[in-house]
file my_file.txt (compact mmCIF, C-alpha atoms)
# COMPACT_ATOMS: atom_id res chain seq x y z
CA MET Y 1 0.00 0.00 0.00
CA SER Y 2 2.77 2.41 0.92
CA SER Y 3 4.03 2.89 -2.60
CA VAL Y 4 0.59 4.12 -3.66
CA ARG Y 5 0.78 6.90 -1.17
CA HIS Y 6 4.41 7.97 -1.23
CA ILE Y 7 5.15 10.96 -3.36
CA ARG Y 8 6.79 9.62 -6.47
CA SER Y 9 9.78 11.49 -7.78
CA LEU Y 10 9.47 13.16 -11.15
CA PRO Y 11 11.80 10.68 -12.91
CA ASP Y 12 9.61 7.82 -11.61
CA GLU Y 13 6.59 9.38 -13.25
CA ALA Y 14 8.50 9.83 -16.50
CA VAL Y 15 9.51 6.16 -16.47
CA LEU Y 16 5.92 5.04 -15.86
CA ASP Y 17 4.81 7.32 -18.72
CA ALA Y 18 7.43 5.72 -20.94
CA ALA Y 19 6.37 2.20 -19.96
CA ARG Y 20 2.74 3.11 -20.64
CA ALA Y 21 3.61 4.47 -24.09
CA ALA Y 22 5.64 1.36 -24.91
CA ILE Y 23 2.85 -1.00 -23.87
CA LEU Y 24 0.29 0.94 -25.91
CA ALA Y 25 2.66 0.85 -28.89
CA VAL Y 26 3.95 -2.71 -28.93
CA GLY Y 27 2.22 -4.58 -26.08
CA TRP Y 28 3.65 -5.66 -22.77
CA SER Y 29 5.36 -8.85 -23.86
CA ARG Y 30 7.45 -7.00 -26.44
CA THR Y 31 8.38 -4.14 -24.10
CA THR Y 32 11.80 -4.40 -22.43
CA LEU Y 33 13.38 -2.37 -19.63
CA THR Y 34 15.94 -1.16 -22.17
CA ASP Y 35 13.12 0.24 -24.38
CA VAL Y 36 11.56 1.95 -21.41
CA ALA Y 37 14.89 3.49 -20.31
CA ARG Y 38 15.44 4.83 -23.82
CA ARG Y 39 11.92 6.27 -24.10
CA ALA Y 40 12.23 7.85 -20.64
CA GLY Y 41 15.70 9.23 -21.35
CA VAL Y 42 17.25 7.65 -18.27
CA SER Y 43 20.11 5.19 -17.98
CA ARG Y 44 19.35 1.50 -17.79
CA MET Y 45 21.18 1.44 -14.46
CA THR Y 46 18.89 4.09 -12.94
CA LEU Y 47 15.92 2.09 -14.05
CA TYR Y 48 17.22 -1.30 -12.85
CA ARG Y 49 17.95 0.15 -9.41
CA ARG Y 50 14.31 1.14 -9.01
CA TRP Y 51 12.64 -1.75 -10.88
CA PRO Y 52 14.68 -4.96 -11.17
CA ASP Y 53 12.31 -6.36 -13.79
CA MET Y 54 9.42 -5.46 -16.09
CA ARG Y 55 6.92 -7.12 -13.75
CA SER Y 56 7.62 -4.74 -10.86
CA LEU Y 57 7.52 -1.76 -13.21
CA LEU Y 58 4.24 -2.99 -14.67
CA ALA Y 59 2.78 -3.44 -11.17
CA ASP Y 60 3.57 0.21 -10.36
CA LEU Y 61 2.17 1.37 -13.68
CA MET Y 62 -1.05 -0.62 -13.21
CA THR Y 63 -1.46 0.74 -9.69
CA ARG Y 64 -1.04 4.31 -10.90
CA GLU Y 65 -3.33 3.81 -13.88
CA TRP Y 66 -6.24 2.00 -12.21
CA THR Y 67 -6.08 4.24 -9.16
CA ALA Y 68 -6.19 7.36 -11.33
CA ALA Y 69 -9.16 5.94 -13.25
CA VAL Y 70 -11.16 4.58 -10.32
CA ALA Y 71 -10.52 6.77 -7.27
CA PRO Y 72 -12.02 10.01 -8.70
CA ALA Y 73 -14.89 8.06 -10.29
CA LEU Y 74 -15.80 6.45 -6.95
CA ASP Y 75 -15.80 9.90 -5.39
CA ALA Y 76 -19.15 10.82 -7.00
CA ARG Y 77 -20.67 14.19 -6.14
CA THR Y 78 -24.20 12.95 -5.51
CA ALA Y 79 -25.56 14.27 -2.18
CA ASP Y 80 -27.54 11.18 -1.12
CA PRO Y 81 -25.02 8.82 0.56
CA LEU Y 82 -26.51 5.62 -0.88
CA ARG Y 83 -26.90 7.05 -4.38
CA ARG Y 84 -23.34 8.38 -4.14
CA ILE Y 85 -21.94 4.87 -3.68
CA VAL Y 86 -24.09 3.47 -6.49
CA ASP Y 87 -23.10 6.23 -8.92
CA GLY Y 88 -19.45 5.87 -7.89
CA VAL Y 89 -19.36 2.11 -8.50
CA VAL Y 90 -20.95 2.44 -11.94
CA ALA Y 91 -18.68 5.36 -12.88
CA ALA Y 92 -15.62 3.36 -11.76
CA VAL Y 93 -16.65 0.37 -13.89
CA GLN Y 94 -17.20 2.68 -16.88
CA ALA Y 95 -13.85 4.42 -16.33
CA LEU Y 96 -12.02 1.10 -16.34
CA ARG Y 97 -13.85 -0.09 -19.45
CA ARG Y 98 -12.84 3.12 -21.22
CA ASN Y 99 -9.23 2.98 -20.01
CA GLU Y 100 -6.93 2.54 -23.01
CA LEU Y 101 -4.18 0.73 -21.08
CA LEU Y 102 -6.65 -1.83 -19.75
CA ALA Y 103 -8.14 -2.21 -23.23
CA ARG Y 104 -4.67 -2.81 -24.67
CA ILE Y 105 -3.76 -5.36 -22.00
CA THR Y 106 -7.10 -7.15 -22.35
CA ASP Y 107 -6.54 -7.30 -26.07
CA VAL Y 108 -2.87 -8.24 -26.32
CA ASP Y 109 -1.68 -9.58 -22.95
CA PRO Y 110 -4.81 -10.62 -21.04
CA GLU Y 111 -2.89 -13.16 -18.97
CA LEU Y 112 -1.48 -10.18 -17.03
CA LEU Y 113 -4.92 -9.79 -15.45
CA LEU Y 114 -5.10 -13.36 -14.14
CA PRO Y 115 -3.11 -12.92 -10.91
CA TYR Y 116 -5.48 -10.15 -9.82
CA LEU Y 117 -8.51 -12.33 -10.50
CA LEU Y 118 -7.21 -15.66 -9.21
CA ASP Y 119 -4.40 -15.12 -6.72
CA ARG Y 120 -4.49 -11.88 -4.76
CA ARG Y 121 -5.76 -8.35 -4.86
CA GLY Y 122 -3.55 -5.74 -6.46
CA ARG Y 123 -2.80 -2.44 -4.74
CA SER Y 124 -5.47 -0.57 -6.67
CA GLN Y 125 -8.05 -3.24 -5.78
CA ASP Y 126 -7.04 -2.77 -2.12
CA LEU Y 127 -7.49 0.94 -2.51
CA VAL Y 128 -10.95 0.55 -4.06
CA VAL Y 129 -12.09 -1.84 -1.32
CA ASP Y 130 -10.77 0.56 1.35
CA GLN Y 131 -12.40 3.61 -0.23
CA LEU Y 132 -15.72 1.79 -0.65
CA THR Y 133 -15.55 0.44 2.91
CA GLU Y 134 -15.17 3.99 4.26
CA GLN Y 135 -18.08 5.24 2.16
CA ILE Y 136 -20.28 2.37 3.33
CA ARG Y 137 -19.36 2.98 6.99
CA ALA Y 138 -20.17 6.67 6.67
CA ALA Y 139 -23.49 5.89 4.97
CA GLN Y 140 -24.31 3.29 7.63
CA ARG Y 141 -23.88 5.98 10.30
CA THR Y 142 -26.52 8.16 8.62
CA GLY Y 143 -28.84 5.16 8.18
CA ALA Y 144 -28.69 5.39 4.37
CA VAL Y 145 -27.10 1.93 4.02
CA ARG Y 146 -28.10 -1.25 5.83
CA LEU Y 147 -25.96 -2.49 8.71
CA GLY Y 148 -23.43 -5.27 8.18
CA LYS Y 149 -19.66 -5.69 7.94
CA ALA Y 150 -18.66 -2.78 5.71
CA ASP Y 151 -15.50 -4.46 4.38
CA LEU Y 152 -17.39 -7.64 3.50
CA ILE Y 153 -20.07 -5.59 1.69
CA ALA Y 154 -17.40 -3.56 -0.14
CA GLY Y 155 -15.56 -6.72 -1.17
CA SER Y 156 -18.79 -8.24 -2.47
CA ILE Y 157 -19.51 -5.17 -4.58
CA VAL Y 158 -16.01 -5.32 -6.06
CA LEU Y 159 -16.46 -9.04 -6.85
CA ALA Y 160 -19.73 -8.30 -8.64
CA ALA Y 161 -18.14 -5.36 -10.45
CA HIS Y 162 -15.34 -7.55 -11.90
CA GLY Y 163 -17.75 -9.27 -14.28
CA PHE Y 164 -19.51 -6.05 -15.25
CA THR Y 165 -16.12 -4.46 -16.04
CA LEU Y 166 -14.44 -7.26 -17.95
CA SER Y 167 -17.26 -9.38 -19.35
CA ALA Y 168 -20.45 -7.33 -19.87
CA HIS Y 169 -19.95 -7.29 -23.65
CA THR Y 170 -19.93 -11.12 -23.71
CA MET Y 171 -23.54 -11.05 -22.50
CA LEU Y 172 -24.76 -9.13 -25.55
CA GLU Y 173 -26.35 -11.17 -28.31
CA GLY Y 174 -23.91 -12.35 -30.96
CA GLU Y 175 -20.16 -11.76 -30.70
CA GLN Y 176 -19.45 -8.21 -29.62
CA PRO Y 177 -16.14 -6.44 -29.19
CA PRO Y 178 -15.25 -4.88 -25.82
CA GLY Y 179 -16.69 -1.34 -25.72
CA SER Y 180 -19.98 -2.40 -27.32
CA ASP Y 181 -23.09 -0.81 -25.89
CA VAL Y 182 -23.20 -2.29 -22.43
CA GLY Y 183 -25.18 0.61 -20.94
CA ARG Y 184 -28.08 -1.72 -20.19
CA PHE Y 185 -25.80 -3.70 -17.91
CA ASP Y 186 -24.63 -0.53 -16.15
CA GLU Y 187 -28.25 0.17 -15.26
CA GLU Y 188 -28.58 -3.37 -13.92
CA LEU Y 189 -25.38 -2.95 -11.89
CA ALA Y 190 -26.79 0.29 -10.42
CA THR Y 191 -30.04 -1.49 -9.50
CA MET Y 192 -28.14 -4.43 -8.03
CA VAL Y 193 -25.81 -2.29 -5.87
CA GLU Y 194 -28.58 0.07 -4.75
CA ARG Y 195 -30.89 -2.77 -3.69
CA TYR Y 196 -27.99 -4.64 -2.05
CA LEU Y 197 -27.16 -1.60 0.10
CA GLN Y 198 -30.66 -0.36 0.94
CA PRO Y 199 -31.62 -0.54 4.64
CA MET J 200 -25.73 -25.15 -28.40
CA SER J 201 -26.70 -28.26 -30.37
CA SER J 202 -23.77 -30.35 -29.25
CA VAL J 203 -24.83 -29.89 -25.63
CA ARG J 204 -28.13 -31.51 -26.36
CA HIS J 205 -27.30 -34.25 -28.80
CA ILE J 206 -26.89 -37.66 -27.33
CA ARG J 207 -23.19 -38.33 -27.30
CA SER J 208 -22.04 -41.77 -28.31
CA LEU J 209 -20.39 -43.94 -25.69
CA PRO J 210 -16.91 -43.67 -27.25
CA ASP J 211 -17.22 -39.84 -27.11
CA GLU J 212 -17.87 -40.01 -23.40
CA ALA J 213 -14.88 -42.32 -22.94
CA VAL J 214 -12.64 -39.89 -24.83
CA LEU J 215 -13.84 -36.95 -22.72
CA ASP J 216 -13.20 -39.04 -19.59
CA ALA J 217 -9.69 -39.78 -20.85
CA ALA J 218 -9.03 -36.09 -21.60
CA ARG J 219 -10.28 -35.15 -18.13
CA ALA J 220 -8.00 -37.73 -16.48
CA ALA J 221 -5.03 -36.51 -18.51
CA ILE J 222 -5.62 -32.86 -17.62
CA LEU J 223 -5.98 -33.70 -13.94
CA ALA J 224 -2.76 -35.73 -14.12
CA VAL J 225 -0.42 -33.53 -16.15
CA GLY J 226 -2.28 -30.30 -16.96
CA TRP J 227 -3.78 -29.20 -20.23
CA SER J 228 -0.67 -27.83 -21.87
CA ARG J 229 1.13 -31.16 -21.51
CA THR J 230 -1.81 -33.25 -22.70
CA THR J 231 -1.74 -34.31 -26.36
CA LEU J 232 -4.37 -35.93 -28.56
CA THR J 233 -2.11 -38.97 -28.76
CA ASP J 234 -2.13 -39.30 -24.95
CA VAL J 235 -5.88 -39.01 -24.89
CA ALA J 236 -6.31 -41.63 -27.62
CA ARG J 237 -4.08 -44.03 -25.70
CA ARG J 238 -5.90 -43.46 -22.39
CA ALA J 239 -9.28 -43.86 -24.11
CA GLY J 240 -8.20 -46.99 -25.99
CA VAL J 241 -9.21 -45.61 -29.39
CA SER J 242 -7.13 -45.02 -32.47
CA ARG J 243 -5.64 -41.60 -33.08
CA MET J 244 -7.55 -41.50 -36.38
CA THR J 245 -10.92 -42.02 -34.66
CA LEU J 246 -10.10 -39.20 -32.33
CA TYR J 247 -8.80 -36.80 -35.02
CA ARG J 248 -11.95 -37.32 -37.08
CA ARG J 249 -14.10 -36.14 -34.18
CA TRP J 250 -11.76 -33.48 -32.68
CA PRO J 251 -9.14 -32.05 -35.05
CA ASP J 252 -7.24 -30.46 -32.16
CA MET J 253 -6.97 -30.37 -28.39
CA ARG J 254 -8.83 -27.06 -28.22
CA SER J 255 -12.05 -28.47 -29.68
CA LEU J 256 -11.80 -31.51 -27.41
CA LEU J 257 -11.23 -29.26 -24.43
CA ALA J 258 -14.24 -27.12 -25.37
CA ASP J 259 -16.47 -30.21 -25.37
CA LEU J 260 -14.98 -31.41 -22.09
CA MET J 261 -15.50 -28.01 -20.42
CA THR J 262 -19.09 -27.86 -21.67
CA ARG J 263 -19.83 -31.31 -20.29
CA GLU J 264 -18.10 -30.61 -16.99
CA TRP J 265 -19.52 -27.15 -16.19
CA THR J 266 -22.97 -28.14 -17.36
CA ALA J 267 -22.94 -31.25 -15.16
CA ALA J 268 -21.80 -29.13 -12.20
CA VAL J 269 -24.10 -26.14 -12.66
CA ALA J 270 -27.35 -27.35 -14.23
CA PRO J 271 -28.44 -29.59 -11.30
CA ALA J 272 -27.26 -27.00 -8.75
CA LEU J 273 -29.35 -24.26 -10.39
CA ASP J 274 -32.33 -26.59 -10.25
CA ALA J 275 -32.79 -26.07 -6.48
CA ARG J 276 -35.75 -27.77 -4.78
CA THR J 277 -36.88 -24.76 -2.75
CA ALA J 278 -40.63 -24.14 -3.17
CA ASP J 279 -40.59 -20.32 -3.14
CA PRO J 280 -39.76 -19.24 -6.71
CA LEU J 281 -37.52 -16.30 -5.69
CA ARG J 282 -35.68 -18.29 -3.02
CA ARG J 283 -35.28 -21.13 -5.52
CA ILE J 284 -33.32 -18.89 -7.89
CA VAL J 285 -31.19 -17.47 -5.08
CA ASP J 286 -30.38 -20.93 -3.69
CA GLY J 287 -29.65 -22.19 -7.19
CA VAL J 288 -27.21 -19.41 -8.03
CA VAL J 289 -25.29 -19.86 -4.78
CA ALA J 290 -25.25 -23.66 -5.16
CA ALA J 291 -23.96 -23.29 -8.74
CA VAL J 292 -21.14 -20.99 -7.63
CA GLN J 293 -20.22 -23.43 -4.87
CA ALA J 294 -20.33 -26.40 -7.26
CA LEU J 295 -17.95 -24.67 -9.66
CA ARG J 296 -15.58 -23.68 -6.85
CA ARG J 297 -15.49 -27.31 -5.71
CA ASN J 298 -15.05 -28.71 -9.24
CA GLU J 299 -11.67 -30.41 -9.47
CA LEU J 300 -11.22 -29.81 -13.20
CA LEU J 301 -11.84 -26.08 -12.78
CA ALA J 302 -9.47 -26.03 -9.80
CA ARG J 303 -6.79 -27.77 -11.85
CA ILE J 304 -7.22 -25.39 -14.81
CA THR J 305 -7.25 -22.33 -12.54
CA ASP J 306 -4.07 -23.58 -10.94
CA VAL J 307 -2.07 -24.80 -13.93
CA ASP J 308 -3.56 -23.33 -17.13
CA PRO J 309 -5.65 -20.32 -16.07
CA GLU J 310 -5.25 -18.66 -19.47
CA LEU J 311 -7.79 -21.22 -20.77
CA LEU J 312 -10.47 -19.30 -18.85
CA LEU J 313 -9.70 -15.95 -20.49
CA PRO J 314 -11.71 -16.36 -23.72
CA TYR J 315 -14.85 -17.07 -21.66
CA LEU J 316 -14.30 -13.94 -19.57
CA LEU J 317 -13.12 -11.54 -22.26
CA ASP J 318 -14.31 -12.70 -25.68
CA ARG J 319 -17.52 -14.68 -25.77
CA ARG J 320 -19.73 -16.90 -23.69
CA GLY J 321 -19.02 -20.61 -23.75
CA ARG J 322 -21.78 -23.15 -24.33
CA SER J 323 -22.20 -23.84 -20.62
CA GLN J 324 -22.48 -20.11 -19.89
CA ASP J 325 -25.20 -19.94 -22.58
CA LEU J 326 -26.97 -22.81 -20.92
CA VAL J 327 -26.81 -21.17 -17.49
CA VAL J 328 -28.12 -17.85 -18.83
CA ASP J 329 -30.94 -19.68 -20.64
CA GLN J 330 -31.88 -21.77 -17.60
CA LEU J 331 -31.83 -18.72 -15.33
CA THR J 332 -33.84 -16.67 -17.84
CA GLU J 333 -36.55 -19.34 -17.85
CA GLN J 334 -36.65 -19.47 -14.05
CA ILE J 335 -36.87 -15.67 -13.83
CA ARG J 336 -39.68 -15.55 -16.41
CA ALA J 337 -41.64 -18.19 -14.53
CA ALA J 338 -41.13 -16.35 -11.22
CA GLN J 339 -42.17 -13.06 -12.82
CA ARG J 340 -45.44 -14.68 -13.87
CA THR J 341 -46.22 -15.57 -10.25
CA GLY J 342 -45.20 -12.09 -9.07
CA ALA J 343 -42.31 -13.46 -6.99
CA VAL J 344 -39.67 -11.61 -9.04
CA ARG J 345 -39.79 -7.98 -10.22
CA LEU J 346 -40.61 -7.25 -13.84
CA GLY J 347 -37.84 -6.47 -16.33
CA LYS J 348 -36.08 -8.14 -19.24
CA ALA J 349 -35.48 -11.65 -17.92
CA ASP J 350 -32.44 -12.32 -20.12
CA LEU J 351 -30.80 -9.04 -19.08
CA ILE J 352 -31.42 -9.84 -15.42
CA ALA J 353 -30.09 -13.39 -15.88
CA GLY J 354 -26.97 -12.09 -17.66
CA SER J 355 -26.37 -9.60 -14.86
CA ILE J 356 -26.56 -12.32 -12.23
CA VAL J 357 -24.07 -14.44 -14.16
CA LEU J 358 -21.71 -11.43 -14.48
CA ALA J 359 -21.87 -10.87 -10.72
CA ALA J 360 -21.40 -14.59 -10.08
CA HIS J 361 -18.14 -14.70 -12.09
CA GLY J 362 -16.29 -12.75 -9.39
CA PHE J 363 -17.82 -14.74 -6.54
CA THR J 364 -16.81 -17.98 -8.27
CA LEU J 365 -13.25 -17.16 -9.32
CA SER J 366 -12.09 -14.41 -6.98
CA ALA J 367 -13.92 -14.57 -3.62
CA HIS J 368 -10.80 -15.96 -1.87
CA THR J 369 -8.79 -12.91 -2.99
CA MET J 370 -11.09 -10.75 -0.84
CA LEU J 371 -10.15 -12.57 2.36
CA GLU J 372 -7.51 -10.92 4.54
CA GLY J 373 -3.97 -12.03 3.78
CA GLU J 374 -3.11 -14.33 0.89
CA GLN J 375 -5.51 -17.25 0.76
CA PRO J 376 -5.57 -20.25 -1.51
CA PRO J 377 -8.66 -20.96 -3.62
CA GLY J 378 -11.06 -23.05 -1.53
CA SER J 379 -10.49 -20.97 1.61
CA ASP J 380 -13.55 -20.23 3.69
CA VAL J 381 -15.51 -17.94 1.43
CA GLY J 382 -18.87 -18.84 3.00
CA ARG J 383 -19.32 -15.25 4.14
CA PHE J 384 -19.25 -14.16 0.50
CA ASP J 385 -21.82 -16.81 -0.45
CA GLU J 386 -24.18 -15.24 2.08
CA GLU J 387 -23.54 -11.83 0.55
CA LEU J 388 -24.17 -13.22 -2.94
CA ALA J 389 -27.48 -14.67 -1.72
CA THR J 390 -28.46 -11.30 -0.24
CA MET J 391 -27.40 -9.48 -3.39
CA VAL J 392 -29.34 -11.76 -5.78
CA GLU J 393 -32.43 -11.91 -3.55
CA ARG J 394 -32.64 -8.11 -3.19
CA TYR J 395 -31.88 -7.64 -6.89
CA LEU J 396 -34.82 -9.88 -7.85
CA GLN J 397 -37.39 -8.81 -5.25
CA PRO J 398 -40.50 -7.08 -6.63
call {"tool": "encode", "arguments": {"input": "my_file.txt", "output": "C-alpha cells"}}
result
Amino acid sequence: MSSVRHIRSLPDEAVLDAARAAILAVGWSRTTLTDVARRAGVSRMTLYRRWPDMRSLLADLMTREWTAAVAPALDARTADPLRRIVDGVVAAVQALRRNELLARITDVDPELLLPYLLDRRGRSQDLVVDQLTEQIRAAQRTGAVRLGKADLIAGSIVLAAHGFTLSAHTMLEGEQPPGSDVGRFDEELATMVERYLQP
Amino acid sequence: MSSVRHIRSLPDEAVLDAARAAILAVGWSRTTLTDVARRAGVSRMTLYRRWPDMRSLLADLMTREWTAAVAPALDARTADPLRRIVDGVVAAVQALRRNELLARITDVDPELLLPYLLDRRGRSQDLVVDQLTEQIRAAQRTGAVRLGKADLIAGSIVLAAHGFTLSAHTMLEGEQPPGSDVGRFDEELATMVERYLQP
C-alpha cells in the first residue's frame, strides 16, 4: 500500500509514462526495460535500481493507472449517501472499461490480469475496497445503508463489479467487441448495488 | 448449443473421460491428442476425425463438466420461486468452486479461462443464462420476481457470479488459496441476488 501513497519522484513518473507508451505501442510482452529506459531518457542502471524487472515496473504502472481511473470516479458528487456509492461504482466500472491501457492489455496480454482475478488483490483493488468500505461505513452511520460488515459488503460489490467491467460485452447477443453498448448492464449494476445496500 | 443436447455416443464419453483424467494428471498444456487416444483406448484417427485439435476436445470437455456441475445445482428444490433462484445461483457458484477440473485449470492453465471472460460466452455459460432466464420468467409470472427483461437480469446475475466464483478468496484478509472459507461471501451473494430480484 505504501508505494501508492508515497510521493513519487518526477523521474519515476516519467519512467511510468514511458512504460505506458511502450505497452500501448507494442504490447507488454514485447516491451523491455531497455526500451523503457530509452523512451524515458534515463540510464538502464537508474531504471534497474528502481525496478529490477518489467513485472515490478508494470505493477507500479497498473497501480497508478487503475487508481487514477477509479478513485475520482468512486468519489461521485451525488448528495444522497446511498446514491453516491451506487453512482461511484458504476462510474468506476465505466472508467475502467474506457481505459486505453486496460483495453490494450485485455486485447494483447490478457494473462497479465489473471493474478489479480485468481491469486491476490492488487494495490489498486485494495485501494478501491478501502475507499468503498469507508463510504459504506459513513453511509451506515446516517442510516442510508443497511448495517453489516462494511468491508465484506465492499468486497462483495467489487467481486460483482469484476464481471460487469471485464465481461459485460460477452452477454450481448452475438459476438461483440469490448466497448460495445453495455449501458443496459450498467443500469442493472446500479439497480443491483442500490438494492444490495438499501436498509 | 446443439452439441450440448445431442446424445453423445459412448466412445465420445470415454474420450472426454480420458481427456479429463489426462488434464488432472499432467495439466492441459502437456496433454496431447495422442495421450488421450491411448488413455481412451481408441485409435488416433478415430479421435482426429471427431476433434481435429486439443482445443475443440477441451471445449467439449468443459461444456460437459460445467454443465454437469451447474445445471443440477441451479435446479434447487426450494418451493418459493424467488428463493429457488437465489439458492440455485449460490449452489452453482459453490459447485464450480469445488469442481476439481476447474481447480486444476485455474491452478495450472488459467489462461484457458480468459476467452470465456473476455471474448464470448461458452456453451455452458449460454446454458446457465438460458436456464436462469426461464426461471426468472416463470417467477415473474407468479409475481415473486420484479418485472424487467429476464435475459438481461439473468446475464447480470451471471456477471456478478463470475467474481464470486473465481475471486472470492482474494477478498479474504492475507493471501488465501482458492477453496479458503468464502462462505461469508456466499451469504452476501445470496443477499445481493435476492434483493436484486425482489419485486
call {"tool": "residues_around", "arguments": {"input": "my_file.txt", "residues": "Gly347 (chain J)", "least_positions_apart": "6", "cutoff": "12 Å", "atoms": "all atoms listed in the file", "output": "list in words"}}
result
Arg184, Glu187, Glu188 and Thr191 of chain Y; Thr332, Ile335, Arg336, Ala338, Gln339, Arg340, Ala353, Ser355, Tyr395, Leu396, Gln397 and Pro398 of chain J
call {"tool": "residues_around", "arguments": {"input": "my_file.txt", "residues": "region 237-251 of chain J", "least_positions_apart": "6", "cutoff": "9 Å", "atoms": "only C-alpha atoms", "output": "MDAnalysis selection string"}}
result
chainID J and resid 210:211 213:218 220:221
call {"tool": "write_last_selection", "arguments": {"input": "my_file.txt", "atoms": "C-alpha atoms", "output": "PDB file, in the frame of the given file"}}
result
ATOM      1  CA  PRO J 210     -16.910 -43.670 -27.250  1.00  0.00           C
ATOM      2  CA  ASP J 211     -17.220 -39.840 -27.110  1.00  0.00           C
ATOM      3  CA  ALA J 213     -14.880 -42.320 -22.940  1.00  0.00           C
ATOM      4  CA  VAL J 214     -12.640 -39.890 -24.830  1.00  0.00           C
ATOM      5  CA  LEU J 215     -13.840 -36.950 -22.720  1.00  0.00           C
ATOM      6  CA  ASP J 216     -13.200 -39.040 -19.590  1.00  0.00           C
ATOM      7  CA  ALA J 217      -9.690 -39.780 -20.850  1.00  0.00           C
ATOM      8  CA  ALA J 218      -9.030 -36.090 -21.600  1.00  0.00           C
ATOM      9  CA  ALA J 220      -8.000 -37.730 -16.480  1.00  0.00           C
ATOM     10  CA  ALA J 221      -5.030 -36.510 -18.510  1.00  0.00           C
TER      11      ALA J 221
END
call {"tool": "closest_residue", "arguments": {"input": "my_file.txt", "among": "Y:Glu173, Y:Glu13, Y:Asp181, Y:Glu194", "to": "Arg98 (chain Y)", "atoms": "only C-alpha atoms"}}
result
Y:Asp181
call {"tool": "closest_atom_pairs", "arguments": {"input": "my_file.txt", "of": "chain J", "to": "chain Y", "cutoff": "7 Å", "atoms": "only C-alpha atoms", "output": "Markdown table"}}
result
| residue | atom | partner | partner_atom | distance |
| --- | --- | --- | --- | --- |
| J:Glu310 | CA | Y:Glu111 | CA | 6.0 |
| J:Leu316 | CA | Y:Ser167 | CA | 5.4 |
| J:Leu317 | CA | Y:Ser167 | CA | 5.5 |
| J:Asp318 | CA | Y:Thr170 | CA | 6.2 |
| J:Arg319 | CA | Y:Thr170 | CA | 4.8 |
| J:Arg320 | CA | Y:Thr170 | CA | 5.8 |
| J:Gly354 | CA | Y:Met171 | CA | 6.0 |
| J:Ser355 | CA | Y:Phe185 | CA | 6.7 |
| J:Leu358 | CA | Y:Gly163 | CA | 4.5 |
| J:Ala359 | CA | Y:Ala160 | CA | 3.9 |
| J:Ala360 | CA | Y:Ala160 | CA | 6.7 |
| J:His361 | CA | Y:Gly163 | CA | 5.9 |
| J:Gly362 | CA | Y:Leu159 | CA | 4.5 |
| J:Phe363 | CA | Y:Leu159 | CA | 5.9 |
| J:Leu365 | CA | Y:Leu118 | CA | 6.2 |
| J:Ser366 | CA | Y:Leu117 | CA | 5.4 |
| J:Ala367 | CA | Y:Leu159 | CA | 6.9 |
| J:Thr369 | CA | Y:Arg120 | CA | 4.8 |
| J:Met370 | CA | Y:Gly155 | CA | 6.0 |
| J:Glu374 | CA | Y:Arg120 | CA | 6.3 |
| J:Phe384 | CA | Y:Ser156 | CA | 6.6 |
| J:Glu387 | CA | Y:Ser156 | CA | 6.7 |
| J:Thr390 | CA | Y:Tyr196 | CA | 6.9 |
| J:Met391 | CA | Y:Tyr196 | CA | 5.1 |
| J:Arg394 | CA | Y:Arg195 | CA | 5.6 |
| J:Tyr395 | CA | Y:Met192 | CA | 5.1 |
call {"tool": "residues_near_point", "arguments": {"input": "my_file.txt", "point": "(-5.6, -30.5, -14.1)", "cutoff": "6 Å", "atoms": "only C-alpha atoms", "output": "ChimeraX atom specification"}}
result
/J:222-224,226,300,303-304
call {"tool": "atom_distance", "arguments": {"input": "my_file.txt", "atom1": "CA of Glu264 (chain J)", "atom2": "CA of Asp308 (chain J)"}}
result
16.3 Å
call {"tool": "atom_distance", "arguments": {"input": "my_file.txt", "atom1": "CA of Leu256 (chain J)", "atom2": "CA of Asp274 (chain J)"}}
result
27.2 Å
call {"tool": "closest_residue", "arguments": {"input": "my_file.txt", "among": "Y:Arg55, Y:Arg64, Y:Arg20, Y:Arg84", "to": "Leu127 (chain Y)", "atoms": "only C-alpha atoms"}}
result
Y:Arg64
call {"tool": "atom_distance", "arguments": {"input": "my_file.txt", "atom1": "CA of Gly287 (chain J)", "atom2": "CA of Ala258 (chain J)"}}
result
24.3 Å
call {"tool": "closest_residue", "arguments": {"input": "my_file.txt", "among": "J:Gly382, J:Ala337, J:Trp227, J:Ala294", "to": "Leu260 (chain J)", "atoms": "only C-alpha atoms"}}
result
J:Trp227
call {"tool": "residues_around", "arguments": {"input": "my_file.txt", "residues": "Thr231 (chain J)", "least_positions_apart": "3", "cutoff": "7 Å", "atoms": "all atoms listed in the file", "output": "PyMOL selection string"}}
result
chain J and resi 234-235+253
call {"tool": "closest_residue", "arguments": {"input": "my_file.txt", "among": "J:Leu273, J:Arg322, J:Thr230, J:Pro280", "to": "Asp259 (chain J)", "atoms": "only C-alpha atoms"}}
result
J:Arg322
call {"tool": "axis_aligned_box", "arguments": {"input": "my_file.txt", "around": "region 120-133 of chain Y", "padding_each_side": "6 Å", "output": "JSON"}}
result
{"center_x": -9.3, "center_y": -4.1, "center_z": -1.9, "size_x": 24.9, "size_y": 27.5, "size_z": 21.6}
